[in-house]
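**Student:** This is the content of run01.csv (CSV, C-alpha atoms and all ligand atoms):
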```
chain,number,residue,atom,x,y,z
A,26,MET,CA,74.9,79.0,98.8
A,27,GLN,CA,78.6,79.5,99.0
A,28,LYS,CA,79.8,82.8,97.7
A,29,GLN,CA,81.9,82.8,94.5
A,30,ARG,CA,85.7,83.2,95.1
A,31,ILE,CA,86.6,86.5,93.5
A,32,GLY,CA,90.0,87.4,92.0
A,33,PHE,CA,90.6,91.1,91.3
A,34,ILE,CA,93.3,92.6,89.1
A,35,GLY,CA,94.0,96.3,89.0
A,36,LEU,CA,93.8,98.2,92.3
A,37,GLY,CA,93.7,101.8,91.0
A,38,ILE,CA,91.3,104.7,91.7
A,39,MET,CA,88.4,102.5,90.8
A,40,GLY,CA,89.6,99.0,91.7
A,41,GLN,CA,90.4,99.8,95.3
A,42,PRO,CA,86.9,100.9,96.4
A,43,MET,CA,85.3,98.2,94.3
A,44,CYS,CA,87.4,95.6,96.2
A,45,LEU,CA,86.3,97.1,99.5
A,46,ASN,CA,82.7,96.7,98.5
A,47,LEU,CA,83.2,93.1,97.5
A,48,LEU,CA,84.7,92.3,100.9
A,49,LYS,CA,81.9,94.1,102.6
A,50,ALA,CA,79.4,91.9,100.7
A,51,GLY,CA,81.2,88.8,102.1
A,52,PHE,CA,83.0,87.6,98.9
A,53,PRO,CA,86.4,85.8,99.5
A,54,LEU,CA,88.8,88.0,97.6
A,55,THR,CA,92.3,87.5,96.1
A,56,VAL,CA,94.0,90.4,94.5
A,57,TYR,CA,97.0,91.3,92.3
A,58,ASN,CA,98.4,94.7,91.4
A,59,ARG,CA,101.4,95.4,89.2
A,60,THR,CA,102.7,97.9,91.8
A,61,ALA,CA,102.6,95.7,94.8
A,62,GLU,CA,102.4,98.5,97.5
A,63,ARG,CA,99.0,99.4,96.2
A,64,MET,CA,97.7,96.0,97.5
A,65,LYS,CA,98.4,96.8,101.1
A,66,SER,CA,95.2,98.6,102.1
A,67,ILE,CA,93.0,95.9,100.5
A,68,VAL,CA,95.1,93.1,102.1
A,69,ASP,CA,94.7,94.9,105.4
A,70,ALA,CA,90.9,94.9,104.8
A,71,GLY,CA,90.9,91.1,104.5
A,72,ALA,CA,91.9,90.1,100.9
A,73,ARG,CA,94.8,87.8,100.0
A,74,GLY,CA,97.5,89.4,97.8
A,75,LEU,CA,99.3,87.2,95.1
A,76,GLY,CA,102.2,87.7,92.8
A,77,SER,CA,100.6,87.4,89.3
A,78,PRO,CA,97.3,87.4,87.4
A,79,GLY,CA,97.8,83.7,86.7
A,80,GLN,CA,98.1,82.8,90.4
A,81,VAL,CA,94.9,84.8,91.1
A,82,ALA,CA,93.1,83.0,88.3
A,83,ALA,CA,94.0,79.6,89.7
A,84,GLN,CA,92.3,80.4,93.0
A,85,SER,CA,89.1,82.1,91.6
A,86,ASP,CA,85.6,81.3,90.4
A,87,VAL,CA,85.2,84.9,89.0
A,88,ILE,CA,88.1,87.1,87.9
A,89,ILE,CA,87.7,90.8,87.5
A,90,THR,CA,90.1,93.1,85.6
A,91,MET,CA,90.1,96.8,86.2
A,92,VAL,CA,93.1,98.2,84.4
A,93,THR,CA,93.7,101.1,82.0
A,94,ASP,CA,93.3,100.4,78.3
A,95,SER,CA,93.0,97.6,75.7
A,96,PRO,CA,96.7,96.6,75.5
A,97,ASP,CA,96.7,96.4,79.3
A,98,VAL,CA,93.8,94.0,79.5
A,99,VAL,CA,95.4,91.9,76.7
A,100,GLN,CA,98.6,91.8,78.7
A,101,VAL,CA,96.9,90.8,81.9
A,102,VAL,CA,94.9,88.1,80.2
A,103,THR,CA,97.3,86.7,77.6
A,104,GLY,CA,100.7,87.8,78.8
A,105,GLU,CA,103.4,85.9,80.7
A,106,ASN,CA,101.8,84.6,84.0
A,107,GLY,CA,98.6,86.1,82.8
A,108,ILE,CA,95.1,85.0,83.6
A,109,LEU,CA,95.0,82.4,80.8
A,110,SER,CA,98.0,80.6,82.4
A,111,GLY,CA,96.0,79.8,85.6
A,112,LEU,CA,92.5,79.7,84.3
A,113,GLN,CA,90.4,76.8,85.6
A,114,PRO,CA,87.5,75.5,83.4
A,115,GLY,CA,84.2,77.1,84.3
A,116,THR,CA,85.7,80.3,85.5
A,117,VAL,CA,84.2,83.6,84.5
A,118,VAL,CA,86.5,86.5,83.5
A,119,ILE,CA,84.8,89.9,83.9
A,120,ASP,CA,86.6,92.9,82.4
A,121,MET,CA,85.3,96.1,84.0
A,122,SER,CA,87.9,98.4,82.3
A,123,THR,CA,86.8,100.7,79.5
A,124,ILE,CA,88.4,99.2,76.3
A,125,SER,CA,87.8,98.5,72.7
A,126,PRO,CA,84.7,96.4,71.8
A,127,THR,CA,86.6,94.6,69.1
A,128,VAL,CA,89.5,93.7,71.5
A,129,THR,CA,86.9,92.5,73.9
A,130,GLN,CA,85.4,90.1,71.3
A,131,GLN,CA,88.8,88.7,70.5
A,132,LEU,CA,89.6,88.1,74.2
A,133,SER,CA,86.2,86.4,74.7
A,134,GLU,CA,87.2,83.8,72.0
A,135,HIS,CA,90.5,83.1,73.8
A,136,ILE,CA,88.8,82.6,77.1
A,137,GLU,CA,85.9,80.5,75.7
A,138,ALA,CA,88.5,78.3,74.0
A,139,GLN,CA,89.7,77.3,77.5
A,140,GLY,CA,86.2,76.2,78.6
A,141,CYS,CA,85.6,79.5,80.4
A,142,GLU,CA,83.2,82.5,80.1
A,143,MET,CA,83.8,86.2,79.6
A,144,LEU,CA,81.6,89.3,80.3
A,145,ASP,CA,82.6,92.9,79.5
A,146,ALA,CA,81.1,95.1,82.2
A,147,PRO,CA,82.5,98.7,82.0
A,148,VAL,CA,81.2,101.2,84.5
A,149,SER,CA,80.1,104.8,84.9
A,150,GLY,CA,79.9,106.8,88.1
A,151,GLY,CA,83.6,107.6,88.8
A,152,ASP,CA,85.4,107.1,92.1
A,153,THR,CA,82.5,108.5,94.1
A,154,GLY,CA,80.2,105.9,92.5
A,155,ALA,CA,82.8,103.2,93.2
A,156,ARG,CA,83.1,104.1,96.8
A,157,ALA,CA,79.3,104.2,97.3
A,158,GLY,CA,78.8,100.9,95.6
A,159,ALA,CA,76.5,102.8,93.2
A,160,LEU,CA,78.2,102.3,89.8
A,161,ALA,CA,76.2,102.0,86.6
A,162,ILE,CA,77.4,98.7,85.1
A,163,MET,CA,76.8,97.9,81.4
A,164,VAL,CA,77.2,94.2,80.7
A,165,GLY,CA,77.9,92.3,77.5
A,166,GLY,CA,78.1,88.5,77.1
A,167,LYS,CA,75.8,85.5,77.6
A,168,ALA,CA,72.6,86.2,79.5
A,169,GLU,CA,73.0,83.1,81.7
A,170,VAL,CA,76.5,84.0,82.7
A,171,TYR,CA,75.3,87.5,83.5
A,172,GLU,CA,72.6,86.1,85.8
A,173,ARG,CA,75.1,83.9,87.6
A,174,CYS,CA,77.3,87.0,88.2
A,175,LEU,CA,74.5,89.4,89.2
A,176,PRO,CA,75.3,89.2,93.0
A,177,VAL,CA,78.9,90.2,92.3
A,178,PHE,CA,77.7,93.2,90.3
A,179,GLN,CA,75.2,94.1,93.0
A,180,ALA,CA,78.0,94.4,95.5
A,181,MET,CA,79.6,97.2,93.4
A,182,GLY,CA,76.7,98.9,91.5
A,183,LYS,CA,73.2,100.1,91.6
A,184,SER,CA,72.1,100.3,87.9
A,185,ILE,CA,73.1,97.0,86.3
A,186,THR,CA,72.0,96.3,82.7
A,187,HIS,CA,72.6,93.4,80.4
A,188,VAL,CA,72.9,95.1,77.0
A,189,GLY,CA,73.7,92.3,74.6
A,190,GLY,CA,76.6,89.9,73.5
A,191,HIS,CA,80.3,90.2,73.8
A,192,GLY,CA,81.7,93.7,73.4
A,193,MET,CA,78.3,95.4,73.6
A,194,GLY,CA,78.8,96.5,77.2
A,195,GLN,CA,81.9,98.4,75.9
A,196,THR,CA,79.8,99.8,73.0
A,197,VAL,CA,77.2,101.1,75.5
A,198,LYS,CA,79.9,102.6,77.7
A,199,LEU,CA,81.2,104.5,74.6
A,200,CYS,CA,77.6,105.7,74.0
A,201,ASN,CA,77.8,107.0,77.6
A,202,GLN,CA,81.0,108.9,76.8
A,203,ILE,CA,79.4,110.4,73.6
A,204,LEU,CA,76.5,111.6,75.7
A,205,VAL,CA,78.7,112.9,78.5
A,206,SER,CA,81.2,114.7,76.2
A,207,VAL,CA,78.8,116.4,73.8
A,208,THR,CA,76.7,117.6,76.7
A,209,ASN,CA,79.9,118.9,78.4
A,210,LEU,CA,80.5,121.1,75.2
A,211,ALA,CA,77.0,122.4,75.3
A,212,VAL,CA,77.4,123.4,79.0
A,213,CYS,CA,80.7,125.3,78.1
A,214,GLU,CA,79.0,127.2,75.3
A,215,ALA,CA,76.0,128.2,77.4
A,216,ILE,CA,78.2,129.5,80.2
A,217,GLN,CA,80.3,131.5,77.7
A,218,PHE,CA,77.2,132.9,76.0
A,219,ALA,CA,75.7,133.9,79.3
A,220,SER,CA,78.8,135.6,80.6
A,221,ARG,CA,79.6,137.6,77.5
A,222,SER,CA,75.9,138.7,77.3
A,223,GLY,CA,76.1,140.0,80.8
A,224,VAL,CA,74.1,137.2,82.6
A,225,ASP,CA,75.6,135.7,85.7
A,226,PRO,CA,76.4,132.1,84.6
A,227,GLU,CA,75.4,130.8,88.0
A,228,VAL,CA,72.0,132.3,87.6
A,229,MET,CA,71.8,130.8,84.1
A,230,ILE,CA,72.5,127.3,85.5
A,231,LYS,CA,70.0,127.8,88.3
A,232,ALA,CA,67.3,128.9,85.8
A,233,THR,CA,67.9,126.1,83.3
A,234,GLN,CA,68.8,123.0,85.2
A,235,GLY,CA,65.3,122.1,86.3
A,236,GLY,CA,63.9,122.3,82.7
A,237,ALA,CA,64.4,120.4,79.5
A,238,ALA,CA,68.1,121.4,79.4
A,239,GLY,CA,68.9,119.9,82.7
A,240,SER,CA,71.8,117.3,82.8
A,241,TRP,CA,74.4,115.9,85.2
A,242,GLN,CA,77.0,117.9,83.4
A,243,LEU,CA,75.1,121.2,83.8
A,244,THR,CA,74.5,120.6,87.5
A,245,ASN,CA,77.9,119.1,88.4
A,246,LEU,CA,80.4,120.5,85.9
A,247,GLY,CA,78.8,123.9,85.3
A,248,PRO,CA,79.4,125.4,88.7
A,249,ARG,CA,83.0,124.1,88.7
A,250,MET,CA,83.6,125.9,85.3
A,251,VAL,CA,82.2,129.1,86.7
A,252,ALA,CA,84.2,128.8,89.9
A,253,ARG,CA,87.4,128.0,87.9
A,254,ASP,CA,87.7,124.8,89.8
A,255,PHE,CA,89.5,122.4,87.4
A,256,ALA,CA,90.5,119.7,89.9
A,257,PRO,CA,89.8,116.3,88.4
A,258,GLY,CA,86.8,114.2,89.1
A,259,PHE,CA,87.4,112.5,85.7
A,260,MET,CA,90.7,113.5,84.0
A,261,ILE,CA,90.9,114.8,80.5
A,262,ASP,CA,93.7,112.3,79.6
A,263,LEU,CA,91.4,109.4,80.6
A,264,GLN,CA,88.4,110.9,78.8
A,265,GLN,CA,90.5,111.2,75.6
A,266,LYS,CA,91.4,107.5,75.8
A,267,ASP,CA,87.6,106.8,75.7
A,268,LEU,CA,86.8,109.3,72.9
A,269,LYS,CA,89.6,107.7,70.8
A,270,LEU,CA,88.0,104.3,71.4
A,271,ALA,CA,84.6,105.6,70.3
A,272,LEU,CA,86.0,107.4,67.2
A,273,GLU,CA,88.0,104.3,66.2
A,274,ALA,CA,84.9,102.0,66.7
A,275,ALA,CA,82.8,104.5,64.7
A,276,ARG,CA,85.4,104.5,61.9
A,277,GLN,CA,85.2,100.7,61.7
A,278,ILE,CA,81.5,100.9,61.1
A,279,LYS,CA,81.8,103.9,58.7
A,280,LEU,CA,79.8,106.2,61.1
A,281,PRO,CA,80.7,109.9,61.3
A,282,LEU,CA,80.5,111.3,64.8
A,283,PRO,CA,81.1,115.0,64.0
A,284,ALA,CA,80.3,116.5,67.4
A,285,LEU,CA,82.4,113.9,69.3
A,286,ALA,CA,85.3,114.5,66.9
A,287,LEU,CA,85.1,118.2,67.7
A,288,VAL,CA,85.1,117.6,71.5
A,289,HIS,CA,88.1,115.3,71.0
A,290,GLN,CA,90.0,118.1,69.2
A,291,LEU,CA,89.1,120.7,71.9
A,292,PHE,CA,90.3,118.4,74.6
A,293,ALA,CA,93.5,118.0,72.5
A,294,GLY,CA,93.9,121.8,72.9
A,295,CYS,CA,93.7,121.4,76.6
A,296,GLN,CA,96.3,118.6,76.5
A,297,ALA,CA,98.6,120.8,74.4
A,298,ASN,CA,98.3,123.4,77.2
A,299,ASP,CA,99.3,120.9,79.9
A,300,GLU,CA,95.8,120.5,81.2
A,301,GLY,CA,95.4,116.7,80.5
A,302,ARG,CA,95.4,115.9,84.2
A,303,GLU,CA,92.7,118.4,85.0
A,304,GLY,CA,89.0,117.5,85.2
A,305,THR,CA,86.8,117.3,82.0
A,306,GLN,CA,85.2,120.7,83.0
A,307,ALA,CA,88.5,122.3,81.8
A,308,LEU,CA,87.1,121.8,78.3
A,309,ILE,CA,85.8,125.4,78.8
A,310,LYS,CA,89.5,126.6,78.7
A,311,SER,CA,89.8,125.5,75.1
A,312,LEU,CA,86.7,127.5,74.2
A,313,MET,CA,87.9,130.5,76.2
A,314,ARG,CA,91.1,130.5,74.2
A,315,LEU,CA,89.1,130.4,70.9
A,316,ALA,CA,87.0,133.3,72.2
A,317,GLY,CA,90.0,135.4,73.1
A,318,ASP,CA,88.9,135.4,76.8
A,319,SER,CA,91.8,136.8,78.9
A,320,ALA,CA,90.4,135.1,82.0
A,321,VAL,CA,91.7,131.7,80.9
A,322,ARG,CA,94.6,130.3,82.9
B,1,LIG,P1,94.1,104.0,87.6
B,1,LIG,O1,93.9,104.6,88.9
B,1,LIG,O2,95.1,104.6,86.7
B,1,LIG,O3,94.5,102.4,87.8
B,1,LIG,C1,94.8,101.6,86.7
B,1,LIG,C2,95.2,100.2,87.3
B,1,LIG,O4,95.5,99.4,86.2
B,1,LIG,C3,96.4,100.2,88.2
B,1,LIG,O5,96.1,99.3,89.2
B,1,LIG,C4,97.5,99.8,87.3
B,1,LIG,O6,98.6,99.2,88.0
B,1,LIG,C5,96.8,98.8,86.5
B,1,LIG,N1,97.5,98.5,85.2
B,1,LIG,C6,97.5,99.4,84.1
B,1,LIG,N2,98.2,98.9,83.1
B,1,LIG,C7,98.6,97.6,83.5
B,1,LIG,C8,99.2,96.6,82.9
B,1,LIG,N3,99.7,96.7,81.6
B,1,LIG,N4,99.5,95.4,83.6
B,1,LIG,C9,99.0,95.3,84.9
B,1,LIG,N5,98.3,96.3,85.5
B,1,LIG,C10,98.1,97.4,84.8
B,1,LIG,O7,92.8,103.9,86.7
B,1,LIG,P2,91.2,103.9,87.1
B,1,LIG,O8,90.7,105.3,87.3
B,1,LIG,O9,91.1,102.9,88.3
B,1,LIG,O10,90.6,103.3,85.8
B,1,LIG,C11,90.5,101.9,85.5
B,1,LIG,C12,89.6,101.7,84.4
B,1,LIG,O11,88.3,102.2,84.7
B,1,LIG,C13,90.0,102.5,83.1
B,1,LIG,O12,89.7,101.7,81.9
B,1,LIG,C14,89.0,103.7,83.1
B,1,LIG,O13,88.8,104.2,81.8
B,1,LIG,C15,87.8,103.1,83.8
B,1,LIG,N6,86.9,104.1,84.4
B,1,LIG,C16,87.5,105.0,85.3
B,1,LIG,C17,86.7,106.0,85.9
B,1,LIG,C18,87.3,107.0,86.8
B,1,LIG,O14,86.5,108.0,87.2
B,1,LIG,N7,88.5,106.9,87.3
B,1,LIG,C19,85.3,105.9,85.7
B,1,LIG,C20,84.8,105.0,84.9
B,1,LIG,C21,85.6,104.0,84.3
B,1,LIG,P3,99.7,100.1,88.7
B,1,LIG,O15,99.2,100.4,90.1
B,1,LIG,O16,100.9,99.2,88.8
B,1,LIG,O17,99.9,101.3,87.8
```
For this file, write the structure as structure tokens.
Ligand code: NAP
**Tutor:**
Amino acid sequence: MQKQRIGFIGLGIMGQPMCLNLLKAGFPLTVYNRTAERMKSIVDAGARGLGSPGQVAAQSDVIITMVTDSPDVVQVVTGENGILSGLQPGTVVIDMSTISPTVTQQLSEHIEAQGCEMLDAPVSGGDTGARAGALAIMVGGKAEVYERCLPVFQAMGKSITHVGGHGMGQTVKLCNQILVSVTNLAVCEAIQFASRSGVDPEVMIKATQGGAAGSWQLTNLGPRMVARDFAPGFMIDLQQKDLKLALEAARQIKLPLPALALVHQLFAGCQANDEGREGTQALIKSLMRLAGDSAVR
């Protein structure tokens, strides 16, 4: 069977390696990026670069967007020379950015009104997962459209789950961010408690990570907190965008998320101290300031 022609919009930290994996899997690929120079490495690898999302849409069976936030996806889809301006009937638009579930539902209505389909398919796994083709992908939309696009997802991810209708992929991604963030706070508190009690925090991590308290955050972020390595894997500024989306979605359904709101405020403290571009493990600096720990810097 002939491979679907893919159009990809948004060649950032995540988009670039995802494109390389689509090319590696043999998909014909057309790309657009707002900052044109960023298309070069993907074009050199075999993709065709075009001048607008609309032009990409006109040449594609499946169009993937991987841009920053809700207004950016709205602009790329509905703006001047946007995807809607070039969309051919029967095309599937897959948004893999992390954005608002409500905005996703609204976009799906616009896209379906043109005789096309939409899936929301946000990801987890960061740039390392994107490079390895090992992303976790959470997909919302119609089951039969999901089945049709499965080979495209398999080129970029390992754990691929259809979770429900339009917007529900985004809802599950926000659940992912709740789990990640609240666990991050627990890791910070355990490290501080160990240190001030005279236990080597590295030993504490070693002793606990194999038991019921084990987590990705403890194993991966804990040692970086202890080593004062705040280089970004996932940046605080981007995490704050996601926490804001989760808190806003929770407000709409009248659901208190007290622990998440606290982490959001502690990260705000990091941002106020010019740490927004550091990795999310720098959350511990906010707690160190609260605890009067002079080692914070
Ligand atoms: P990034 O490196 O900042 O790239 C963002 C991309 O979106 C760039 O190509 C940018 O174009 C484009 N863009 C932004 N606003 C646009 C607009 N209004 N019109 C056209 N293009 C626009 O971000 P990223 O890390 O790849 O993240 C992309 C998405 O994946 C985000 O929703 C993020 O939350 C999610 N995500 C990221 C990670 C991660 O670890 N980085 C993990 C999971 C999920 P320019 O090049 O012109 O700026």
**Student:** Identify the residues around (79.6, 91.3, 82.7) within a radius of 7 Å, measuring from only C-alpha atoms in the coordinates stated by the file, and give them as a ChimeraX atom specification.
**Tutor:** /A:119,144-146,164-166,171
**Student:** Using only C-alpha atoms and all ligand atoms, determine which residues fall within 7 Å of ligand LIG 1 (chain B), then list them as an MDAnalysis selection string.
**Tutor:** chainID A and resid 35:40 58:60 63 91:94 96:98 100:101 121:124 147:152 258:259 263 267
**Student:** Hey, what's within 9 Å of stretch 75-88 of chain A if we count only C-alpha atoms and toss same-chain stuff fewer than 6 positions away? As a PyMOL selection string, please?
**Tutor:** chain A and resi 29-34+54-59+61+101-102+105-113+115-120+174+177
**Student:** Neighbouring residues of A:Arg253 were defined as those with any atom within 12 Å, considering all atoms listed in the file; residues of the same chain fewer than 6 positions away were excluded. Please report them as an MDAnalysis selection string.
**Tutor:** chainID A and resid 246:247 303:304 306:310 313 320:322
**Student:** Write to file, as a short mmCIF file (atom, residue, chain, number, x, y, z; two decimals), keeping the file's coordinate frame, the residues of the selection just made, with C-alpha atoms.
**Tutor:**
```
data_model
loop_
_atom_site.label_atom_id
_atom_site.label_comp_id
_atom_site.auth_asym_id
_atom_site.auth_seq_id
_atom_site.Cartn_x
_atom_site.Cartn_y
_atom_site.Cartn_z
CA LEU A 246 80.40 120.50 85.90
CA GLY A 247 78.80 123.90 85.30
CA GLU A 303 92.70 118.40 85.00
CA GLY A 304 89.00 117.50 85.20
CA GLN A 306 85.20 120.70 83.00
CA ALA A 307 88.50 122.30 81.80
CA LEU A 308 87.10 121.80 78.30
CA ILE A 309 85.80 125.40 78.80
CA LYS A 310 89.50 126.60 78.70
CA MET A 313 87.90 130.50 76.20
CA ALA A 320 90.40 135.10 82.00
CA VAL A 321 91.70 131.70 80.90
CA ARG A 322 94.60 130.30 82.90
#
```
**Student:** Between A:Leu291, A:Glu134, A:Gly71, A:Ser206, which has the minimum distance to A:Trp241 (counting all atoms listed in the file)?
**Tutor:**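 Once distances to A:Trp241 are computed over all atoms listed in the file, the minimum belongs to A:Ser206.
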**Student:** Tell me, in Å to one decimal, how far atom CA of A:Phe292 is from atom CA of A:Glu214.
**Tutor:**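 Interatomic distance, atom CA of A:Phe292 to atom CA of A:Glu214: 14.3 Å.
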**Student:** When you draw a straight line from atom CA of A:Glu172 to atom CA of A:Ala274, how long is it in Å?
**Tutor:**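 Atom CA of A:Ala274 lies 27.7 Å from atom CA of A:Glu172.
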**Student:** Choose the residue, out of A:Met43, A:Cys295, A:Leu243, A:Ala72, that has the smallest atom-to-atom separation from A:Arg156; count all atoms listed in the file.
**Tutor:**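 Smallest separation from A:Arg156 among the options: A:Met43.
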**Student:** Using only C-alpha atoms, find the one residue out of A:Ser133, A:Ser184, A:Ser311, A:Asn46 that sits nearest to A:Asn298.
**Tutor:**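 Of the candidates, the smallest distance to A:Asn298 is held by A:Ser311.
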**Student:** Considering all atoms listed in the file, return as number ranges by chain whatever protein or nucleic-acid residues lie within 7 Å of stretch 221-237 of chain A, sequence-local ones (same chain, fewer than 5 positions apart) excluded.
**Tutor:** A: 216, 243-244, 248, 251
**Student:** May I have the selected residues written with C-alpha atoms, as a PDB file, in the frame of the given file?
**Tutor:**
```pdb
ATOM      1  CA  ILE A 216      78.200 129.500  80.200  1.00  0.00           C
ATOM      2  CA  LEU A 243      75.100 121.200  83.800  1.00  0.00           C
ATOM      3  CA  THR A 244      74.500 120.600  87.500  1.00  0.00           C
ATOM      4  CA  PRO A 248      79.400 125.400  88.700  1.00  0.00           C
ATOM      5  CA  VAL A 251      82.200 129.100  86.700  1.00  0.00           C
TER       6      VAL A 251
END
```
**Student:** Quick one: distance from atom CA of A:Gln296 to atom CA of A:Lys198 in Å, one decimal?
**Tutor:**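 About the pair atom CA of A:Gln296 and atom CA of A:Lys198: they are 22.9 Å apart.
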**Student:** Restricting the calculation to all atoms listed in the file, which member of A:Ala211, A:Leu132, A:Leu47, A:Val99 is positioned closest to A:Ala157?
**Tutor:**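 Of A:Ala211, A:Leu132, A:Leu47, A:Val99, the one nearest A:Ala157, counting all atoms listed in the file, is A:Leu47.
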**Student:** Calculated over all atoms listed in the file, which of the candidates A:Lys28, A:Lys279, A:Lys65, A:Arg73 has the smallest distance to A:Gly51?
**Tutor:**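 Looking at the shortest contact to A:Gly51, the residue is A:Lys28.
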